[in-house]
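Printed here is upload01.csv (CSV, C-alpha atoms and all ligand atoms):
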```csv
chain,number,residue,atom,x,y,z
W,84,MET,CA,46.0,-16.7,-9.0
W,85,THR,CA,47.1,-13.3,-7.8
W,86,PHE,CA,46.0,-9.7,-8.5
W,87,LYS,CA,48.6,-7.1,-9.4
W,88,CYS,CA,49.0,-3.5,-10.6
W,89,PRO,CA,52.3,-2.1,-11.9
W,90,ASP,CA,51.8,1.2,-10.0
W,91,ILE,CA,51.9,-0.7,-6.6
W,92,PRO,CA,54.4,-3.4,-7.3
W,93,SER,CA,54.9,-4.4,-3.6
W,94,HIS,CA,51.2,-5.4,-3.3
W,95,GLU,CA,50.0,-8.7,-4.6
W,96,GLY,CA,46.3,-9.6,-3.9
W,97,PHE,CA,45.0,-13.1,-3.6
W,98,ALA,CA,41.8,-15.0,-2.7
W,99,ALA,CA,42.7,-16.7,0.6
W,100,PRO,CA,40.7,-19.8,1.4
W,101,VAL,CA,39.2,-19.5,4.9
W,102,LEU,CA,39.7,-22.5,7.1
W,103,PRO,CA,36.9,-24.0,9.2
W,104,ASN,CA,38.4,-22.3,12.3
W,105,GLY,CA,37.9,-18.9,10.6
W,106,ASP,CA,41.6,-18.2,9.8
W,107,PRO,CA,42.5,-17.3,6.3
W,108,ALA,CA,45.1,-19.7,4.8
W,109,SER,CA,48.1,-17.7,3.6
W,110,SER,CA,48.7,-17.4,-0.2
W,111,GLY,CA,51.8,-19.6,-0.2
W,112,GLY,CA,50.4,-22.2,2.2
W,113,ALA,CA,49.2,-25.6,1.3
W,114,PHE,CA,45.8,-25.5,-0.3
W,115,THR,CA,43.2,-27.2,1.7
W,116,LYS,CA,40.0,-28.9,0.4
W,117,THR,CA,38.2,-28.2,3.6
W,118,PHE,CA,38.0,-24.4,3.3
W,119,VAL,CA,34.7,-22.8,4.0
W,120,GLY,CA,35.0,-19.6,2.0
W,121,TYR,CA,37.2,-17.0,0.4
W,122,GLN,CA,38.6,-13.8,1.9
W,123,ALA,CA,40.7,-11.2,0.0
W,124,GLY,CA,44.3,-10.8,1.2
W,125,CYS,CA,47.4,-9.0,0.1
W,126,SER,CA,51.1,-9.7,0.3
W,127,CYS,CA,51.5,-6.6,2.5
W,128,GLY,CA,49.4,-8.3,5.2
W,129,TRP,CA,46.1,-6.6,4.5
W,130,THR,CA,43.0,-8.8,4.9
W,131,ASP,CA,39.5,-8.1,4.0
W,132,GLN,CA,36.8,-8.5,6.7
W,133,ARG,CA,34.2,-9.9,4.4
W,134,ARG,CA,34.0,-13.6,3.6
W,135,PHE,CA,32.6,-15.0,0.3
W,136,PRO,CA,31.3,-18.4,-0.7
W,137,PRO,CA,33.9,-21.2,-1.6
W,138,THR,CA,33.0,-21.0,-5.3
W,139,ALA,CA,34.6,-19.5,-8.4
W,140,GLU,CA,32.2,-16.6,-8.1
W,141,GLY,CA,33.3,-16.1,-4.5
W,142,ALA,CA,37.0,-16.0,-5.6
W,143,LYS,CA,36.1,-13.5,-8.2
W,144,GLU,CA,34.4,-11.3,-5.6
W,145,THR,CA,37.6,-11.2,-3.5
W,146,GLU,CA,39.5,-9.9,-6.6
W,147,TYR,CA,36.9,-7.1,-6.8
W,148,ARG,CA,37.2,-6.4,-3.1
W,149,TRP,CA,41.1,-6.2,-3.3
W,150,TRP,CA,40.8,-3.7,-6.1
W,151,SER,CA,38.1,-1.5,-4.6
W,152,ARG,CA,39.0,-1.7,-0.9
W,153,HIS,CA,42.8,-1.9,-1.0
W,154,ALA,CA,44.4,-1.3,-4.3
W,155,ALA,CA,42.3,1.7,-5.5
W,156,PRO,CA,43.2,4.1,-2.6
W,157,LEU,CA,46.9,3.0,-2.8
W,158,ILE,CA,47.0,3.6,-6.6
W,159,ALA,CA,45.4,7.0,-6.1
W,160,ALA,CA,48.3,7.9,-3.8
W,161,ALA,CA,51.1,6.3,-5.9
W,162,PRO,CA,52.8,8.2,-8.7
W,163,PRO,CA,52.4,6.6,-12.2
W,164,GLY,CA,55.0,3.8,-12.6
W,165,GLU,CA,56.1,5.3,-15.9
W,166,LEU,CA,57.1,8.5,-14.2
W,167,VAL,CA,58.9,6.7,-11.4
W,168,THR,CA,60.9,4.8,-14.1
W,169,LYS,CA,61.8,8.1,-15.8
W,170,SER,CA,62.8,9.7,-12.5
W,171,ASN,CA,65.1,6.8,-11.7
W,172,LEU,CA,66.6,6.9,-15.2
W,173,LEU,CA,67.2,10.7,-14.8
W,174,CYS,CA,69.0,10.1,-11.5
W,175,GLU,CA,71.2,7.4,-13.1
W,176,ARG,CA,72.1,9.7,-16.0
W,177,ILE,CA,73.0,12.6,-13.7
W,178,VAL,CA,75.3,10.3,-11.6
W,179,LYS,CA,77.0,9.3,-14.8
W,180,LEU,CA,77.2,13.0,-16.0
W,181,ALA,CA,78.7,14.0,-12.6
W,182,ALA,CA,81.5,11.4,-13.1
W,183,GLU,CA,82.3,12.7,-16.6
W,184,ARG,CA,81.5,16.5,-16.4
W,185,PRO,CA,80.8,17.5,-12.7
W,186,LEU,CA,80.2,21.2,-13.5
W,187,ALA,CA,77.6,20.4,-16.1
W,188,ALA,CA,75.9,18.1,-13.5
W,189,LEU,CA,76.0,20.9,-11.0
W,190,THR,CA,74.3,23.3,-13.4
W,191,LEU,CA,71.6,20.8,-14.1
W,192,LEU,CA,71.0,19.9,-10.5
W,193,SER,CA,70.7,23.5,-9.4
W,194,GLN,CA,68.2,24.1,-12.1
W,195,MET,CA,66.2,21.1,-11.0
W,196,GLU,CA,66.4,22.2,-7.4
W,197,SER,CA,65.0,25.6,-8.2
W,198,TRP,CA,61.9,24.3,-10.1
W,199,GLN,CA,61.5,21.4,-7.7
W,200,ARG,CA,61.4,23.7,-4.6
W,201,THR,CA,58.7,26.0,-6.3
W,202,LEU,CA,56.7,23.0,-7.4
W,203,LEU,CA,56.8,21.3,-4.0
W,204,ASP,CA,55.4,24.4,-2.3
W,205,GLN,CA,52.6,24.6,-4.9
W,206,VAL,CA,51.8,20.9,-4.7
W,207,VAL,CA,51.7,20.9,-0.9
W,208,ALA,CA,49.4,24.0,-1.0
W,209,GLY,CA,47.2,22.2,-3.5
W,210,ALA,CA,47.0,19.1,-1.5
W,211,ARG,CA,46.1,21.1,1.6
W,212,GLU,CA,43.4,23.0,-0.3
W,213,ALA,CA,42.0,19.6,-1.5
W,214,GLY,CA,41.7,18.5,2.1
W,215,ALA,CA,44.9,16.5,2.7
W,216,SER,CA,46.0,16.5,6.4
W,217,TRP,CA,49.6,17.2,7.4
W,218,THR,CA,49.8,13.5,8.2
W,219,GLN,CA,48.9,12.6,4.6
W,220,VAL,CA,51.3,15.2,3.2
W,221,GLY,CA,54.1,13.8,5.5
W,222,GLU,CA,53.3,10.2,4.5
W,223,ALA,CA,53.4,11.0,0.7
W,224,MET,CA,56.8,12.6,1.2
W,225,GLY,CA,58.1,9.9,3.6
W,226,ILE,CA,58.5,12.4,6.5
W,227,SER,CA,56.6,12.9,9.8
W,228,LYS,CA,53.6,15.1,10.1
W,229,GLN,CA,55.6,17.5,12.3
W,230,SER,CA,58.4,17.8,9.7
W,231,ALA,CA,55.9,18.4,6.9
W,232,HIS,CA,54.2,21.1,8.9
W,233,GLU,CA,57.4,22.8,10.0
W,234,ARG,CA,58.8,22.7,6.5
W,235,PHE,CA,55.8,24.1,4.7
W,236,ARG,CA,53.7,26.1,7.1
W,237,GLY,CA,55.5,29.3,6.0
W,238,HIS,CA,54.8,28.7,2.4
W,239,VAL,CA,51.2,27.3,2.7
W,240,SER,CA,48.4,29.4,4.0
W,241,THR,CA,46.9,26.7,6.3
Q,301,ZN,ZN,48.7,-4.6,0.0
```

What would you get if you wrote out this structure as structure tokens?
Amino acid sequence: MTFKCPDIPSHEGFAAPVLPNGDPASSGGAFTKTFVGYQAGCSCGWTDQRRFPPTAEGAKETEYRWWSRHAAPLIAAAPPGELVTKSNLLCERIVKLAAERPLAALTLLSQMESWQRTLLDQVVAGAREAGASWTQVGEAMGISKQSAHERFRGHVST
């Protein structure tokens, strides 16, 4: 049994049986009858520190731990899956439009660029006011802390 959330598709949680030597057995590995407990794990490599009893309740506890300790913070930082799908769809449509009517695609892209730039400044300012560090802003944008700071310091008060 695995735990999943559509907003973080690259993360799949599982209850890893803990072997007598203390190592968690990997999700895909052969199941052992000699396990001594359960530990929450994730396909990304994350492992919970806490061990639960080798019972059905113990396995259930690991699911809760995966959600609360690992998935919840990731989901909070992930855009809603529905919006990601729409954004990808929009991109595909514009690529198609550009092949058929390049000038129309250019008009649309420059309109998007102007609201996107304004929105980006506002959202970075909002995130900073809400206490986000430059490291977190950079991570959310897939750029370094230095790049984020250099790009936005003129537009954001802090
Ligand atoms: Zn994960």

Query - Test item: residues lying within 8 Å of ligand ZN 301 (chain Q) with only C-alpha atoms and all ligand atoms, as a VMD selection string - result: chain W and resid 93 to 96 124 to 129 153 to 154

Requested in this report: Work out how far apart atom CA of W:Gln199 and atom CA of W:Gly164 are and give it in Å to one decimal.
Outcome: 19.4 Å

**Report entry** Exercise: stretch 137-147 of chain W partners within 12 Å, only C-alpha atoms, chain neighbours under 3 positions left out, as a ChimeraX atom specification
**Finding:** /W:84-87,95-103,115-125,130-134,150-155

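With all atoms listed in the file as the atoms that count, the residue of W:Ala231, W:Ala223, W:Val206, W:His238 with the shortest distance to W:Ala159 is W:Ala223.
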
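Between atom CA of W:Ser227 and atom CA of W:Arg211 there is a distance of 15.6 Å.
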